$ cat upload-v2.csv   # CSV, C-alpha atoms
chain,number,residue,atom,x,y,z
A,292,MET,CA,105.7,151.5,97.5
A,293,PHE,CA,107.6,149.0,99.8
A,294,ASP,CA,111.1,150.1,100.7
A,295,GLU,CA,113.4,147.1,100.0
A,296,ARG,CA,115.9,148.5,102.5
A,297,ILE,CA,113.5,147.8,105.3
A,298,ASP,CA,113.4,144.1,104.3
A,299,LYS,CA,117.2,143.9,104.0
A,300,TYR,CA,117.5,145.5,107.4
A,301,VAL,CA,115.0,143.2,109.1
A,302,THR,CA,116.4,140.0,107.5
A,303,GLY,CA,120.0,141.1,108.4
A,304,LYS,CA,121.1,141.2,104.7
A,305,MET,CA,122.6,144.7,104.9
A,306,SER,CA,126.3,145.3,105.0
A,307,GLU,CA,127.7,146.9,108.1
A,308,GLU,CA,128.0,150.3,106.4
A,309,GLU,CA,124.5,150.1,105.0
A,310,ARG,CA,123.1,149.1,108.4
A,311,LEU,CA,124.8,152.0,110.2
A,312,LEU,CA,123.5,154.5,107.7
A,313,PHE,CA,120.0,153.0,107.8
A,314,GLU,CA,120.0,153.1,111.7
A,315,ARG,CA,121.0,156.7,111.7
A,316,GLU,CA,118.0,157.5,109.4
A,317,LEU,CA,115.8,155.2,111.5
A,318,ALA,CA,116.6,157.1,114.7
A,319,GLY,CA,115.1,160.3,113.6
A,320,ASN,CA,112.2,158.9,111.6
A,321,PRO,CA,109.2,157.6,113.6
A,322,GLY,CA,107.4,156.7,110.4
A,323,LEU,CA,110.2,154.5,109.2
A,324,GLN,CA,110.4,153.0,112.7
A,325,GLU,CA,106.8,152.0,112.4
A,326,GLU,CA,107.4,150.5,109.0
A,327,VAL,CA,110.4,148.5,110.3
A,328,SER,CA,108.3,147.2,113.3
A,329,LEU,CA,105.5,146.1,110.9
A,330,GLN,CA,108.0,144.4,108.6
A,331,ARG,CA,109.5,142.6,111.6
A,332,ASP,CA,106.1,141.3,112.7
A,333,ILE,CA,105.3,140.2,109.2
A,334,VAL,CA,108.5,138.3,108.7
A,335,ARG,CA,108.1,136.7,112.2
A,336,ALA,CA,104.5,135.7,111.4
A,337,ILE,CA,105.6,134.2,108.0
A,338,ARG,CA,108.3,132.2,109.7
A,339,MET,CA,106.0,131.0,112.5
A,340,LYS,CA,103.4,129.9,109.9
A,341,ALA,CA,106.1,128.1,107.8
A,342,ALA,CA,107.6,126.5,111.0
A,343,LYS,CA,104.2,125.1,112.0
A,344,GLU,CA,103.5,123.7,108.5
A,345,HIS,CA,107.0,122.2,108.5
A,346,LEU,CA,106.4,120.5,111.8
A,347,GLN,CA,103.1,119.2,110.6
A,348,ARG,CA,104.9,117.6,107.6
A,349,VAL,CA,107.6,116.2,110.0
A,350,GLU,CA,104.9,114.7,112.3
A,351,HIS,CA,103.1,113.2,109.3
A,352,GLY,CA,106.3,111.5,108.3
A,353,ILE,CA,106.9,110.2,111.8
A,354,GLN,CA,103.3,108.8,112.0
A,355,ALA,CA,103.6,107.1,108.6
A,356,ARG,CA,106.9,105.5,109.7
A,357,THR,CA,105.4,104.4,113.0
A,358,ARG,CA,102.5,102.8,111.2
A,359,ARG,CA,104.8,101.0,108.7
A,360,ARG,CA,107.0,99.8,111.6
A,361,LYS,CA,103.9,98.5,113.5
A,362,ILE,CA,102.7,96.5,110.4
A,363,PHE,CA,106.2,95.2,110.0
A,364,ARG,CA,106.3,94.1,113.6
A,365,ILE,CA,102.9,92.3,113.3
A,366,VAL,CA,104.1,90.5,110.2
A,367,ILE,CA,107.3,89.5,112.0
A,368,ASN,CA,105.4,88.3,115.0
A,369,VAL,CA,102.9,86.3,113.0
A,370,SER,CA,105.8,84.8,110.9
A,371,SER,CA,107.7,83.9,114.0
A,372,PHE,CA,104.7,82.3,115.6
A,373,ALA,CA,104.0,80.3,112.4
A,374,ALA,CA,107.6,79.2,112.1
A,375,ALA,CA,107.7,78.2,115.8
A,376,ALA,CA,104.4,76.3,115.4
A,377,CYS,CA,105.7,74.5,112.2
A,378,LEU,CA,108.9,73.7,114.1
A,379,ALA,CA,107.0,72.3,117.1
A,380,ILE,CA,104.7,70.2,114.8
A,381,GLY,CA,107.7,69.0,112.8
A,382,LEU,CA,109.5,68.0,115.9
A,383,PHE,CA,106.5,66.2,117.2
A,384,VAL,CA,106.0,64.3,113.9
A,385,HIS,CA,109.7,63.5,113.8
A,386,VAL,CA,109.7,62.1,117.3
A,387,GLU,CA,106.6,60.1,116.6
A,388,ARG,CA,108.0,58.7,113.3
A,389,VAL,CA,111.4,57.8,114.9
A,390,SER,CA,109.6,55.9,117.6
A,391,ASP,CA,107.2,54.1,115.1
A,392,TYR,CA,110.0,53.2,112.7
A,393,LYS,CA,112.1,51.9,115.5
A,394,ALA,CA,109.3,49.7,116.8
A,395,VAL,CA,108.5,48.3,113.4
A,396,GLY,CA,112.2,47.8,112.5
A,397,ASN,CA,112.8,45.9,115.8
A,398,ARG,CA,109.7,43.7,115.1
A,399,ILE,CA,111.0,42.5,111.7
A,400,GLU,CA,113.0,39.2,112.0
A,401,LEU,CA,115.9,38.9,109.6
A,402,THR,CA,117.2,35.6,108.3
A,403,ALA,CA,120.3,34.9,106.3
A,404,GLU,CA,119.4,34.1,102.8
A,405,SER,CA,121.1,31.1,101.4
A,406,VAL,CA,122.9,32.6,98.4
A,407,ARG,CA,125.8,31.0,96.8
A,408,GLY,CA,129.0,32.8,97.6
A,409,GLY,CA,127.4,35.5,99.8
A,410,GLU,CA,126.5,33.5,102.9
A,411,LYS,CA,129.5,34.7,104.8
A,412,THR,CA,128.8,38.4,104.3
A,413,SER,CA,125.1,38.0,104.8
A,414,THR,CA,125.8,36.4,108.2
A,415,ALA,CA,128.3,39.1,109.2
A,416,ILE,CA,125.7,41.8,108.3
A,417,LEU,CA,123.0,40.0,110.4
A,418,GLU,CA,125.4,39.6,113.3
A,419,ALA,CA,126.2,43.3,113.2
A,420,ILE,CA,122.5,44.1,113.2
A,421,GLY,CA,121.9,41.6,116.0
A,422,HIS,CA,124.5,43.4,118.1
A,423,ASN,CA,123.0,46.8,117.3
A,424,ASP,CA,126.2,47.7,115.4
A,425,TYR,CA,124.2,49.5,112.7
A,426,GLU,CA,127.0,51.6,111.4
A,427,VAL,CA,129.1,48.4,110.8
A,428,ALA,CA,126.1,46.8,109.2
A,429,LEU,CA,125.7,49.7,106.8
A,430,GLU,CA,129.3,49.6,105.9
A,431,LEU,CA,129.2,45.9,105.1
A,432,ILE,CA,126.0,46.4,103.1
A,433,ALA,CA,127.7,49.3,101.1
A,434,GLN,CA,130.7,47.0,100.4
A,435,GLU,CA,128.5,44.3,99.1
A,436,GLU,CA,126.3,46.6,97.0
A,437,SER,CA,129.4,47.9,95.3
A,438,ARG,CA,130.6,44.5,94.3
A,439,GLU,CA,130.0,44.0,90.6
A,440,PHE,CA,128.6,40.8,89.1
A,441,SER,CA,131.1,38.2,88.0
A,442,SER,CA,130.7,34.5,87.3
A,443,GLN,CA,133.3,31.7,87.3
A,444,PHE,CA,131.2,29.6,84.9
A,445,THR,CA,131.3,29.6,81.1
A,446,HIS,CA,128.1,27.8,80.4
A,447,PRO,CA,125.3,30.4,79.7
A,448,ASP,CA,122.7,28.6,81.9
A,449,LEU,CA,125.1,28.6,84.9
A,450,ILE,CA,126.0,32.3,84.3
A,451,GLU,CA,122.3,33.1,84.2
A,452,GLN,CA,121.8,31.2,87.4
A,453,ASP,CA,124.6,33.2,88.9
A,454,ARG,CA,123.1,36.4,87.7
A,455,LEU,CA,119.7,35.6,89.4
A,456,GLU,CA,121.5,34.8,92.6
A,457,TYR,CA,123.4,38.1,92.5
A,458,ALA,CA,120.1,40.0,91.9
A,459,PHE,CA,118.5,38.3,94.8
A,460,GLU,CA,121.5,39.1,97.0
A,461,GLN,CA,121.2,42.7,96.0
A,462,GLU,CA,117.5,42.7,96.9
A,463,SER,CA,118.3,41.2,100.3
A,464,LEU,CA,120.9,43.9,100.9
A,465,GLN,CA,118.3,46.6,100.2
A,466,TRP,CA,115.9,45.0,102.6
A,467,TYR,CA,118.6,44.8,105.3
A,468,LYS,CA,119.4,48.4,104.7
A,469,ALA,CA,115.8,49.4,105.1
A,470,VAL,CA,115.5,47.5,108.4
A,471,VAL,CA,118.8,49.0,109.7
A,472,TYR,CA,117.6,52.5,109.0
A,473,MET,CA,114.3,51.7,110.7
A,474,ARG,CA,116.0,50.4,113.8
A,475,MET,CA,118.3,53.4,113.9
A,476,GLY,CA,115.2,55.7,113.7
A,477,LYS,CA,116.4,57.2,110.4
A,478,TRP,CA,112.8,57.2,109.1
A,479,ILE,CA,113.3,59.4,106.1
A,480,LYS,CA,116.1,57.2,104.7
A,481,ALA,CA,114.2,54.0,105.7
A,482,ARG,CA,111.0,55.3,104.0
A,483,ARG,CA,113.0,56.1,100.8
A,484,VAL,CA,114.5,52.6,100.7
A,485,LEU,CA,111.2,50.9,101.5
A,486,LYS,CA,109.5,52.9,98.7
A,487,ARG,CA,112.2,51.9,96.2
A,488,ILE,CA,111.7,48.2,97.2
A,489,ALA,CA,107.9,48.5,97.0
A,490,ALA,CA,108.1,49.9,93.5
A,491,SER,CA,110.5,47.3,92.2
A,492,ASP,CA,110.0,43.6,91.4
A,493,SER,CA,112.0,42.7,94.5
A,494,HIS,CA,111.5,39.5,96.4
A,495,TYR,CA,110.7,41.8,99.4
A,496,LYS,CA,108.1,43.9,97.5
A,497,SER,CA,105.0,42.8,99.4
A,498,GLN,CA,106.8,43.0,102.8
A,499,ALA,CA,107.9,46.6,102.0
A,500,GLN,CA,104.4,47.6,100.9
A,501,SER,CA,102.9,46.1,104.0
A,502,GLU,CA,105.4,48.0,106.3
A,503,LEU,CA,104.8,51.2,104.5
A,504,GLU,CA,101.0,50.8,104.9
A,505,GLN,CA,101.6,50.2,108.6
A,506,LEU,CA,103.8,53.3,109.0
B,86,MET,CA,121.4,113.7,98.9
B,87,ARG,CA,118.5,115.1,100.8
B,88,THR,CA,115.4,114.5,98.8
B,89,ARG,CA,112.8,114.3,101.6
B,90,ASN,CA,111.1,117.2,103.2
B,91,ASP,CA,109.6,115.4,106.2
B,92,GLY,CA,112.8,115.7,108.3
B,93,TYR,CA,113.5,112.0,108.1
B,94,TYR,CA,117.3,112.3,108.1
B,95,ASP,CA,117.2,114.9,110.9
B,96,CYS,CA,115.9,112.3,113.4
B,97,PHE,CA,119.4,110.7,113.3
B,98,ILE,CA,121.2,113.9,114.2
B,99,VAL,CA,122.1,114.7,117.8
B,100,MET,CA,123.1,118.3,118.7
B,101,THR,CA,123.8,119.9,122.0
B,102,ASP,CA,121.3,122.5,123.2
B,103,GLN,CA,123.6,125.4,122.6
B,104,GLU,CA,124.3,124.2,119.0
B,105,LEU,CA,120.6,123.9,118.5
B,106,ILE,CA,120.0,127.5,119.6
B,107,TYR,CA,122.9,128.8,117.5
B,108,GLU,CA,121.8,126.9,114.4
B,109,ILE,CA,118.1,127.8,114.7
B,110,ALA,CA,119.1,131.5,115.3
B,111,ARG,CA,121.0,131.6,112.0
B,112,GLY,CA,118.0,130.1,110.2
B,113,ASN,CA,119.1,126.4,109.9
B,114,ASN,CA,115.7,124.7,109.6
B,115,HIS,CA,117.2,121.2,109.9
B,116,ALA,CA,118.3,122.2,113.4
B,117,PHE,CA,114.7,123.0,114.2
B,118,THR,CA,113.6,119.6,113.0
B,119,VAL,CA,116.3,118.0,115.2
B,120,LEU,CA,114.9,119.9,118.1
B,121,TYR,CA,111.4,118.6,117.3
B,122,HIS,CA,112.7,115.0,117.2
B,123,GLN,CA,115.0,115.4,120.2
B,124,TYR,CA,112.3,116.2,122.8
B,125,ARG,CA,109.2,114.8,121.2
B,126,LYS,CA,109.0,111.5,123.1
B,127,GLU,CA,109.7,113.1,126.5
B,128,PHE,CA,107.3,116.0,125.9
B,129,PHE,CA,104.5,113.6,124.9
B,130,GLY,CA,105.2,111.6,128.1
B,131,TYR,CA,105.0,114.8,130.2
B,132,ILE,CA,101.7,116.0,128.6
B,133,ARG,CA,100.1,112.5,128.7
B,134,LYS,CA,100.5,112.5,132.5
B,135,ARG,CA,98.4,115.7,132.6
B,136,TYR,CA,96.1,115.4,129.6
B,137,LYS,CA,94.3,112.3,128.4
B,138,GLY,CA,92.6,113.9,125.4
B,139,ASP,CA,93.0,113.1,121.7
B,140,GLU,CA,96.5,112.6,120.2
B,141,ASP,CA,96.0,115.3,117.6
B,142,THR,CA,95.6,117.9,120.3
B,143,ILE,CA,98.9,116.7,121.9
B,144,PHE,CA,100.7,116.9,118.5
B,145,ASP,CA,99.3,120.3,117.9
B,146,LEU,CA,100.4,121.4,121.4
B,147,TYR,CA,103.9,120.2,120.9
B,148,GLN,CA,104.2,121.8,117.4
B,149,ASP,CA,102.9,125.2,118.8
B,150,THR,CA,105.4,124.9,121.7
B,151,CYS,CA,108.3,124.3,119.3
B,152,VAL,CA,107.2,127.1,117.1
B,153,ALA,CA,107.0,129.5,120.2
B,154,LEU,CA,110.5,128.4,121.2
B,155,TYR,CA,111.7,128.9,117.6
B,156,ASP,CA,110.2,132.4,117.6
B,157,ARG,CA,112.1,133.2,120.9
B,158,ILE,CA,115.4,132.0,119.4
B,159,ARG,CA,115.0,133.7,116.1
B,160,SER,CA,113.9,137.0,117.6
B,161,GLY,CA,116.9,136.9,119.8
B,162,LYS,CA,115.1,136.5,123.1
B,163,LEU,CA,116.9,133.3,123.8
B,164,ARG,CA,120.5,133.4,122.8
B,165,MET,CA,122.4,131.5,125.5
B,166,LEU,CA,121.5,129.0,128.1
B,167,ASN,CA,122.5,129.6,131.7
B,168,PRO,CA,125.1,127.1,132.9
B,169,GLY,CA,123.4,123.9,134.0
B,170,THR,CA,120.2,124.8,132.2
B,171,LYS,CA,118.9,122.8,129.3
B,172,LEU,CA,116.8,123.8,126.3
B,173,LYS,CA,114.2,121.3,127.7
B,174,SER,CA,113.5,123.8,130.5
B,175,PRO,CA,112.1,126.7,128.4
B,176,LEU,CA,110.5,124.2,126.0
B,177,PHE,CA,108.6,122.4,128.7
B,178,THR,CA,107.7,125.7,130.4
B,179,ILE,CA,106.2,127.0,127.2
B,180,GLY,CA,104.4,123.6,126.7
B,181,HIS,CA,103.0,123.7,130.2
B,182,ASN,CA,101.8,127.3,129.7
B,183,LYS,CA,100.1,126.2,126.5
B,184,LEU,CA,98.4,123.3,128.3
B,185,VAL,CA,97.2,125.8,130.9
B,186,ASP,CA,95.8,128.0,128.2
B,187,LEU,CA,94.1,125.0,126.7
B,188,TYR,CA,92.6,124.2,130.1
B,189,ARG,CA,91.3,127.7,130.5
B,190,LYS,CA,89.8,127.7,127.0
B,191,ASN,CA,88.2,124.3,127.4
B,192,LYS,CA,84.9,124.7,129.2
B,193,SER,CA,84.0,121.0,129.6
B,194,LYS,CA,87.6,120.1,130.7
B,195,THR,CA,87.4,116.9,128.7
B,196,GLY,CA,90.6,115.0,128.8
B,197,PHE,CA,92.1,117.0,131.7
B,198,ILE,CA,92.9,115.0,134.9
B,199,GLU,CA,90.9,116.2,137.8
B,200,ASN,CA,93.5,116.2,140.6
B,201,VAL,CA,96.2,118.1,138.6
B,202,ASP,CA,96.7,121.8,139.4
B,203,TYR,CA,97.1,123.2,135.9
B,204,LYS,CA,97.7,126.7,137.0
B,205,LYS,CA,100.7,125.6,139.1
B,206,ASP,CA,104.1,126.2,137.5
B,207,TYR,CA,102.6,128.7,135.0
B,208,ASP,CA,105.5,130.9,134.1
B,209,SER,CA,104.3,134.3,132.8
B,210,GLU,CA,107.7,135.0,131.4
B,211,TYR,CA,106.9,132.4,128.8
B,212,SER,CA,103.2,133.2,128.4
B,213,ASP,CA,101.8,133.5,124.9
B,214,GLU,CA,103.2,136.8,123.8
B,215,CYS,CA,100.8,137.3,121.0
B,216,SER,CA,99.8,141.0,121.4
B,217,GLU,CA,96.6,141.9,119.7
B,218,ARG,CA,98.5,143.6,117.0
B,219,PHE,CA,100.7,140.6,116.3
B,220,ALA,CA,97.7,138.3,116.4
B,221,MET,CA,96.2,140.3,113.6
B,222,VAL,CA,99.4,140.2,111.6
B,223,ARG,CA,99.5,136.4,112.0
B,224,GLN,CA,95.8,136.2,111.0
B,225,ALA,CA,96.6,138.3,107.8
B,226,VAL,CA,99.6,136.1,107.0
B,227,ASP,CA,97.6,132.9,107.5
B,228,SER,CA,95.0,134.2,105.1
B,229,MET,CA,97.6,134.7,102.3
B,230,THR,CA,96.8,132.9,99.1
B,231,GLU,CA,99.0,131.6,96.2
B,232,PRO,CA,101.4,132.6,94.8
B,233,CYS,CA,102.2,135.0,97.7
B,234,ASN,CA,102.2,132.2,100.3
B,235,SER,CA,104.8,130.1,98.5
B,236,ILE,CA,107.0,133.0,97.4
B,237,LEU,CA,107.2,134.6,100.8
B,238,THR,CA,107.7,131.2,102.5
B,239,LEU,CA,110.6,130.3,100.2
B,240,TYR,CA,112.2,133.7,100.8
B,241,TYR,CA,111.8,134.1,104.6
B,242,TRP,CA,111.6,130.5,105.8
B,243,ASP,CA,113.7,128.5,103.2
B,244,ASP,CA,116.1,131.4,102.8
B,245,LYS,CA,116.1,131.0,99.0
B,246,ASN,CA,117.4,133.8,96.8
B,247,MET,CA,115.4,135.3,93.9
B,248,GLN,CA,117.1,133.1,91.3
B,249,GLU,CA,116.3,129.9,93.2
B,250,ILE,CA,112.7,131.1,93.8
B,251,ALA,CA,112.3,131.8,90.0
B,252,GLU,CA,113.5,128.3,89.2
B,253,VAL,CA,111.3,126.6,91.8
B,254,GLN,CA,108.2,128.7,91.0
B,255,GLY,CA,108.6,128.8,87.3
B,256,TYR,CA,109.2,132.6,86.9
B,257,ALA,CA,111.1,133.8,83.8
B,258,ASN,CA,114.0,135.2,85.9
B,259,ALA,CA,115.1,136.5,89.3
B,260,ASP,CA,113.6,140.0,88.5
B,261,SER,CA,110.2,138.5,87.8
B,262,ALA,CA,110.3,136.7,91.1
B,263,LYS,CA,111.5,139.8,92.9
B,264,SER,CA,108.7,141.9,91.3
B,265,GLN,CA,106.1,139.3,92.4
B,266,LYS,CA,107.5,139.2,95.9
B,267,SER,CA,107.3,143.0,96.2
B,268,LYS,CA,103.7,142.9,94.9
B,269,CYS,CA,102.8,140.3,97.6
B,270,MET,CA,104.5,142.2,100.3
B,271,ASN,CA,102.8,145.5,99.3
B,272,LYS,CA,99.5,143.8,99.2
B,273,LEU,CA,100.0,142.2,102.6
B,274,ARG,CA,101.2,145.4,104.2
B,275,VAL,CA,98.3,147.4,102.9
B,276,TYR,CA,95.9,144.8,104.2
B,277,ILE,CA,97.5,144.7,107.6
B,278,LYS,CA,97.6,148.5,107.9
B,279,LYS,CA,93.9,148.5,107.0
B,280,ILE,CA,92.9,146.0,109.7
B,281,LEU,CA,95.1,147.7,112.3
B,282,GLU,CA,93.5,151.0,111.8
$ encode --input "upload-v2.csv" --output "structure tokens"
Amino acid sequence: MFDERIDKYVTGKMSEEERLLFERELAGNPGLQEEVSLQRDIVRAIRMKAAKEHLQRVEHGIQARTRRRKIFRIVINVSSFAAAACLAIGLFVHVERVSDYKAVGNRIELTAESVRGGEKTSTAILEAIGHNDYEVALELIAQEESREFSSQFTHPDLIEQDRLEYAFEQESLQWYKAVVYMRMGKWIKARRVLKRIAASDSHYKSQAQSELEQL
Amino acid sequence: MRTRNDGYYDCFIVMTDQELIYEIARGNNHAFTVLYHQYRKEFFGYIRKRYKGDEDTIFDLYQDTCVALYDRIRSGKLRMLNPGTKLKSPLFTIGHNKLVDLYRKNKSKTGFIENVDYKKDYDSEYSDECSERFAMVRQAVDSMTEPCNSILTLYYWDDKNMQEIAEVQGYANADSAKSQKSKCMNKLRVYIKKILE
């Protein structure tokens, strides 16, 4: 039967007193010495085997993490490349569009519409556009757009006439705005305004449609 | 809370060489994992300059090297480092010796670089100390089956007490686990004595 004391001695689990007693017994007992030596070898072998298995698990974990990291890096690289390509294409398209819209915007000739009461403003807007003061032009357009309809007449036919003129003036302002955006190269805004005009019953509908087709 | 057994958390710990020796000697297995992580990259670089064989052989070589160093520390052969000496020194010496042993065993010399003198720097102080007797003991231990393999590993490697082993292995109580451990140890000792005769 296996002597538990040998195990306690080999694994260092004996008290100081127990150890001294055991070592005294050990000194004069070659058989016990042989048993202790064998137990020491067994414990050493068990630990070495467990240590090797432990390191195999550790290495397996490292390999798995390395693989995951590699895949993650590939995904990041591909995504970065795709994002960079999209950005480059987007930038190219943007530059092209800016140039196209500017060219078309500059080709369009604007004339002051003869509208009752609005001639002054209309002329000021066209002058600003003519001097390339696009920000000023946009400000004037915004002011005019916010002006609400009012009529000084009382006769229904005259009021209706006024209403039609007001509507035409608003359509003209939309058209000016589209042209200003085109000349500024703000193609997204210009496109939005042109589409709105093309979809409406505006006086400028066919012109807007034609410009959109070109662009 | 540590829930992984692949030493993941240990790769973030940095210990001095003397701390590593001290902790490994007292049975701290995490310190052993730290040692494995700490020199892994450098060791692989060293071996790859001398051996172009398959990766699995290199992993195996490094693991055996670490186990041999672990054995030296736990058996008290390496307690202190001389001033100015690093743990890397015995580790790489053992590793180099193991590479030389591999070179000697490998007849075709596949993977070995021709112009490298493998026998150079062989340090017999760190040679594989497996006496024939110990090799047989290791062989017997390696051939252990369940439940003996688990119970003895938990007791001697993981340093678990009988109550903990009973809980992990599903024994009724600590006495049952202790009885099973004694049975396994007796069986193993009888077997080893028989093959040593």
$ residues_around --input "upload-v2.csv" --residues "region 487-489 of chain A" --least-positions-apart "6" --cutoff "6 Å" --atoms "only C-alpha atoms" --output "VMD selection string"
chain A and resid 496 499 to 500
$ closest_atom_pairs --input "upload-v2.csv" --of "chain A" --to "chain B" --cutoff "7 Å" --atoms "all atoms listed in the file" --output "Markdown table"
| residue | atom | partner | partner_atom | distance |
| --- | --- | --- | --- | --- |
| A:Met292 | CA | B:Asn271 | CA | 6.9 |
| A:Phe293 | CA | B:Asn271 | CA | 6.0 |
| A:Asp332 | CA | B:Phe219 | CA | 6.5 |
| A:Ile333 | CA | B:Val222 | CA | 6.4 |
| A:Val334 | CA | B:Tyr241 | CA | 6.7 |
| A:Ala336 | CA | B:Arg223 | CA | 5.1 |
| A:Ile337 | CA | B:Val226 | CA | 6.4 |
| A:Arg338 | CA | B:Trp242 | CA | 5.4 |
| A:Met339 | CA | B:Val152 | CA | 6.1 |
| A:Lys340 | CA | B:Asp227 | CA | 7.0 |
| A:Ala341 | CA | B:Trp242 | CA | 6.3 |
| A:Ala342 | CA | B:Val152 | CA | 6.1 |
| A:Lys343 | CA | B:Val152 | CA | 6.2 |
| A:Leu346 | CA | B:Gln148 | CA | 6.2 |
| A:Arg348 | CA | B:Asp91 | CA | 5.4 |
| A:Val349 | CA | B:Asp91 | CA | 4.4 |
| A:Gly352 | CA | B:Asp91 | CA | 5.5 |
$ write_last_selection --input "upload-v2.csv" --atoms "C-alpha atoms" --output "PDB file, in the frame of the given file"
ATOM      1  CA  MET A 292     105.700 151.500  97.500  1.00  0.00           C
ATOM      2  CA  PHE A 293     107.600 149.000  99.800  1.00  0.00           C
ATOM      3  CA  ASP A 332     106.100 141.300 112.700  1.00  0.00           C
ATOM      4  CA  ILE A 333     105.300 140.200 109.200  1.00  0.00           C
ATOM      5  CA  VAL A 334     108.500 138.300 108.700  1.00  0.00           C
ATOM      6  CA  ALA A 336     104.500 135.700 111.400  1.00  0.00           C
ATOM      7  CA  ILE A 337     105.600 134.200 108.000  1.00  0.00           C
ATOM      8  CA  ARG A 338     108.300 132.200 109.700  1.00  0.00           C
ATOM      9  CA  MET A 339     106.000 131.000 112.500  1.00  0.00           C
ATOM     10  CA  LYS A 340     103.400 129.900 109.900  1.00  0.00           C
ATOM     11  CA  ALA A 341     106.100 128.100 107.800  1.00  0.00           C
ATOM     12  CA  ALA A 342     107.600 126.500 111.000  1.00  0.00           C
ATOM     13  CA  LYS A 343     104.200 125.100 112.000  1.00  0.00           C
ATOM     14  CA  LEU A 346     106.400 120.500 111.800  1.00  0.00           C
ATOM     15  CA  ARG A 348     104.900 117.600 107.600  1.00  0.00           C
ATOM     16  CA  VAL A 349     107.600 116.200 110.000  1.00  0.00           C
ATOM     17  CA  GLY A 352     106.300 111.500 108.300  1.00  0.00           C
TER      18      GLY A 352
END
$ atom_distance --input "upload-v2.csv" --atom1 "CA of Phe363 (chain A)" --atom2 "CA of His351 (chain A)"
18.3 Å
$ atom_distance --input "upload-v2.csv" --atom1 "CA of Ile432 (chain A)" --atom2 "CA of Val384 (chain A)"
28.9 Å
$ atom_distance --input "upload-v2.csv" --atom1 "CA of Glu307 (chain A)" --atom2 "CA of Tyr107 (chain B)"
21.0 Å
$ closest_residue --input "upload-v2.csv" --among "A:Ser501, A:Ser437, A:Ser371, A:Asn397" --to "Gly421 (chain A)" --atoms "all atoms listed in the file"
A:Asn397
$ residues_around --input "upload-v2.csv" --residues "Ser497 (chain A)" --least-positions-apart "5" --cutoff "12 Å" --atoms "all atoms listed in the file" --output "PDB file with C-alpha atoms, keeping the file's coordinate frame"
ATOM      1  CA  TRP A 466     115.900  45.000 102.600  1.00  0.00           C
ATOM      2  CA  LEU A 485     111.200  50.900 101.500  1.00  0.00           C
ATOM      3  CA  LYS A 486     109.500  52.900  98.700  1.00  0.00           C
ATOM      4  CA  ILE A 488     111.700  48.200  97.200  1.00  0.00           C
ATOM      5  CA  ALA A 489     107.900  48.500  97.000  1.00  0.00           C
ATOM      6  CA  ALA A 490     108.100  49.900  93.500  1.00  0.00           C
ATOM      7  CA  SER A 491     110.500  47.300  92.200  1.00  0.00           C
ATOM      8  CA  ASP A 492     110.000  43.600  91.400  1.00  0.00           C
ATOM      9  CA  GLU A 502     105.400  48.000 106.300  1.00  0.00           C
ATOM     10  CA  LEU A 503     104.800  51.200 104.500  1.00  0.00           C
ATOM     11  CA  GLU A 504     101.000  50.800 104.900  1.00  0.00           C
TER      12      GLU A 504
END
